[in-house]
>>> print(open('upload22.cif').read())   # mmCIF, C-alpha atoms
data_model
loop_
_atom_site.label_atom_id
_atom_site.label_comp_id
_atom_site.auth_asym_id
_atom_site.auth_seq_id
_atom_site.Cartn_x
_atom_site.Cartn_y
_atom_site.Cartn_z
CA MET F 264 127.95 86.02 108.77
CA LYS F 265 129.74 88.77 110.68
CA THR F 266 131.64 87.92 113.84
CA VAL F 267 129.77 88.34 117.11
CA LYS F 268 131.25 88.12 120.61
CA SER F 269 129.64 84.79 121.40
CA PHE F 270 126.63 82.71 120.46
CA TYR F 271 125.89 82.12 124.15
CA PHE F 272 126.24 84.45 127.11
CA ASN F 273 125.23 85.01 130.73
CA ALA F 274 125.74 87.64 133.43
CA GLU F 275 129.36 86.55 133.97
CA SER F 276 130.29 87.14 130.33
CA MET F 277 128.20 90.28 129.75
CA LYS F 278 129.40 93.84 130.22
CA ARG F 279 128.43 94.85 133.78
CA GLU F 280 127.81 98.40 134.98
CA VAL F 281 126.73 99.71 138.38
CA LEU F 282 124.89 102.99 138.06
CA GLU F 283 124.00 105.70 140.51
CA GLY F 284 121.17 104.68 142.81
CA ASP F 285 122.24 101.03 143.14
CA VAL F 286 121.08 100.02 139.64
CA THR F 287 123.08 97.23 138.00
CA ARG F 288 122.86 96.42 134.31
CA TYR F 289 124.30 93.61 132.20
CA ILE F 290 124.68 94.38 128.49
CA TYR F 291 125.09 92.17 125.43
CA THR F 292 125.31 93.79 121.99
CA GLY F 293 124.79 91.83 118.77
CA GLU F 294 124.90 92.98 115.15
CA ASN F 295 121.62 94.92 115.19
CA ILE F 296 120.06 94.26 118.58
CA GLN F 297 120.98 94.74 122.22
CA VAL F 298 119.83 93.06 125.42
CA VAL F 299 120.15 94.76 128.80
CA GLU F 300 119.29 93.02 132.07
CA TYR F 301 118.54 95.58 134.77
CA HIS F 302 118.50 94.94 138.51
CA PHE F 303 116.58 97.77 140.16
CA PRO F 304 116.31 98.58 143.88
CA PRO F 305 112.94 99.30 145.52
CA ASN F 306 111.31 102.73 145.19
CA LYS F 307 113.35 103.94 142.23
CA THR F 308 111.89 106.34 139.63
CA PHE F 309 113.30 106.86 136.14
CA PRO F 310 112.64 110.15 134.32
CA PRO F 311 110.52 110.36 131.17
CA HIS F 312 112.54 110.14 127.97
CA SER F 313 112.31 108.95 124.37
CA HIS F 314 114.70 107.52 121.80
CA ASP F 315 115.13 109.11 118.37
CA ILE F 316 116.29 105.95 116.57
CA HIS F 317 115.87 103.08 119.04
CA GLU F 318 112.85 100.87 119.42
CA GLN F 319 112.64 99.43 122.92
CA MET F 320 110.80 96.46 124.40
CA GLY F 321 111.03 94.99 127.86
CA TYR F 322 110.07 91.92 129.89
CA LEU F 323 109.63 91.98 133.66
CA VAL F 324 111.33 88.97 135.21
CA LYS F 325 110.92 89.75 138.91
CA GLY F 326 109.16 92.29 141.12
CA LYS F 327 106.51 94.82 140.16
CA MET F 328 107.07 97.98 138.14
CA GLY F 329 104.95 100.86 136.95
CA PHE F 330 105.36 102.05 133.37
CA LYS F 331 104.07 104.95 131.35
CA VAL F 332 104.40 104.72 127.58
CA GLY F 333 102.87 107.66 125.76
CA ASP F 334 99.65 108.42 127.65
CA VAL F 335 99.12 104.85 128.91
CA THR F 336 100.13 103.84 132.45
CA LYS F 337 100.25 100.21 133.59
CA ASP F 338 101.70 98.10 136.39
CA LEU F 339 103.79 95.20 135.10
CA LEU F 340 104.10 91.89 136.91
CA PRO F 341 106.53 89.06 136.12
CA GLY F 342 105.82 87.76 132.63
CA ASP F 343 104.50 91.10 131.32
CA TRP F 344 106.06 92.97 128.38
CA TYR F 345 106.03 96.62 127.32
CA HIS F 346 106.88 98.32 124.01
CA ALA F 347 108.21 101.89 123.62
CA PRO F 348 108.21 102.75 119.90
CA ILE F 349 110.75 105.15 118.43
CA GLY F 350 110.07 108.73 119.57
CA VAL F 351 107.44 107.84 122.20
CA GLU F 352 108.10 109.19 125.68
CA HIS F 353 108.24 106.57 128.43
CA ASN F 354 109.33 106.15 132.03
CA ALA F 355 109.21 103.58 134.80
CA TRP F 356 109.37 103.13 138.56
CA THR F 357 109.75 100.33 141.04
CA TYR F 358 107.61 99.77 144.10
CA ASP F 359 108.64 98.43 147.51
CA GLU F 360 110.60 95.43 146.22
CA PRO F 361 113.62 94.92 143.94
CA SER F 362 112.86 94.24 140.27
CA VAL F 363 114.65 92.57 137.37
CA LEU F 364 113.83 93.77 133.85
CA ILE F 365 115.12 92.66 130.44
CA ASP F 366 115.23 95.49 127.88
CA ILE F 367 115.78 94.95 124.15
CA PHE F 368 116.94 97.74 121.85
CA SER F 369 117.07 97.84 118.06
CA PRO F 370 119.26 99.14 116.65
CA TYR F 371 121.68 98.80 119.56
CA ARG F 372 122.51 101.87 121.64
CA GLU F 373 126.07 103.05 121.09
CA ASP F 374 126.15 104.58 124.60
CA LEU F 375 125.66 101.10 126.10
CA LYS F 376 127.89 99.10 123.76
#
>>> encode(input="upload22.cif", output="structure tokens")
Amino acid sequence: MKTVKSFYFNAESMKREVLEGDVTRYIYTGENIQVVEYHFPPNKTFPPHSHDIHEQMGYLVKGKMGFKVGDVTKDLLPGDWYHAPIGVEHNAWTYDEPSVLIDIFSPYREDLK
């Protein structure tokens, strides 16, 4: 088994970044997978984009968010998941309350490592 940072982690031990627009993310990178916990402010929109080599899935923990993956648009509530396959354009937005989202990337994104 290759060495990983830790078998257990939380927000205090994860890499923390504060992005423009009051978005905070906590990042943990394993051997072939990456987990990112996002804290989004209300009324934030994220531009459409796709990933050439990264598969992405996400789980809404708190709040309400709108998502568009390919041609399908859906509002997510806590407990809902989404899946953005490799090469499929997707974007998201928050409504009038803060939201917490867990994103999972495989393979991990070098730009977030």
>>> residues_around(input="upload22.cif", residues="segment 306-311 of chain F", least_positions_apart="6", cutoff="7 Å", atoms="only C-alpha atoms", output="ChimeraX atom specification")
/F:352-359
>>> closest_residue(input="upload22.cif", among="F:Ser369, F:Ser313, F:Gln319, F:Thr336", to="Val351 of chain F", atoms="only C-alpha atoms")
F:Ser313
>>> resolve_selection(input="upload22.cif", expression="the PyMOL selection byres ((chain F and resi 290) around 10)", output="MDAnalysis selection string")
chainID F and resid 273:274 276:280 288:289 291:292 297:301 365:367 375:376
>>> resolve_selection(input="upload22.cif", expression="the PyMOL selection byres ((chain F and resi 350) around 9)", output="PyMOL selection string")
chain F and resi 312-318+347-349+351-352
>>> residues_around(input="upload22.cif", residues="Glu360 of chain F", least_positions_apart="4", cutoff="9 Å", atoms="all atoms listed in the file", output="MDAnalysis selection string")
chainID F and resid 303:306 326:327
>>> write_last_selection(input="upload22.cif", atoms="C-alpha atoms", output="PDB file, in the coordinates of the input")
ATOM      1  CA  PHE F 303     116.580  97.770 140.160  1.00  0.00           C
ATOM      2  CA  PRO F 304     116.310  98.580 143.880  1.00  0.00           C
ATOM      3  CA  PRO F 305     112.940  99.300 145.520  1.00  0.00           C
ATOM      4  CA  ASN F 306     111.310 102.730 145.190  1.00  0.00           C
ATOM      5  CA  GLY F 326     109.160  92.290 141.120  1.00  0.00           C
ATOM      6  CA  LYS F 327     106.510  94.820 140.160  1.00  0.00           C
TER       7      LYS F 327
END
>>> resolve_selection(input="upload22.cif", expression="the PyMOL selection byres ((chain F and resi 343) around 10)", output="PyMOL selection string")
chain F and resi 321-324+327+338-342+344-345
>>> atom_distance(input="upload22.cif", atom1="atom CA of Thr287 of chain F", atom2="atom CA of Val363 of chain F")
9.7 Å
>>> atom_distance(input="upload22.cif", atom1="atom CA of Tyr271 of chain F", atom2="atom CA of His346 of chain F")
25.0 Å
>>> closest_residue(input="upload22.cif", among="F:Met328, F:Ile296, F:Met320, F:Val281", to="Pro361 of chain F", atoms="only C-alpha atoms")
F:Met328
>>> closest_residue(input="upload22.cif", among="F:Phe330, F:Ser362, F:Phe270, F:Lys325", to="Gly293 of chain F", atoms="only C-alpha atoms")
F:Phe270
>>> axis_aligned_box(input="upload22.cif", around="segment 271-279 of chain F", padding_each_side="8 Å", output="lines of an AutoDock Vina configuration file")
center_x = 127.8
center_y = 88.5
center_z = 129.1
size_x = 21.1
size_y = 28.7
size_z = 25.8
>>> atom_distance(input="upload22.cif", atom1="atom CA of Pro370 of chain F", atom2="atom CA of Glu294 of chain F")
8.5 Å
>>> closest_residue(input="upload22.cif", among="F:Leu364, F:Asn295, F:Val286, F:Asp374", to="Gly329 of chain F", atoms="only C-alpha atoms")
F:Leu364
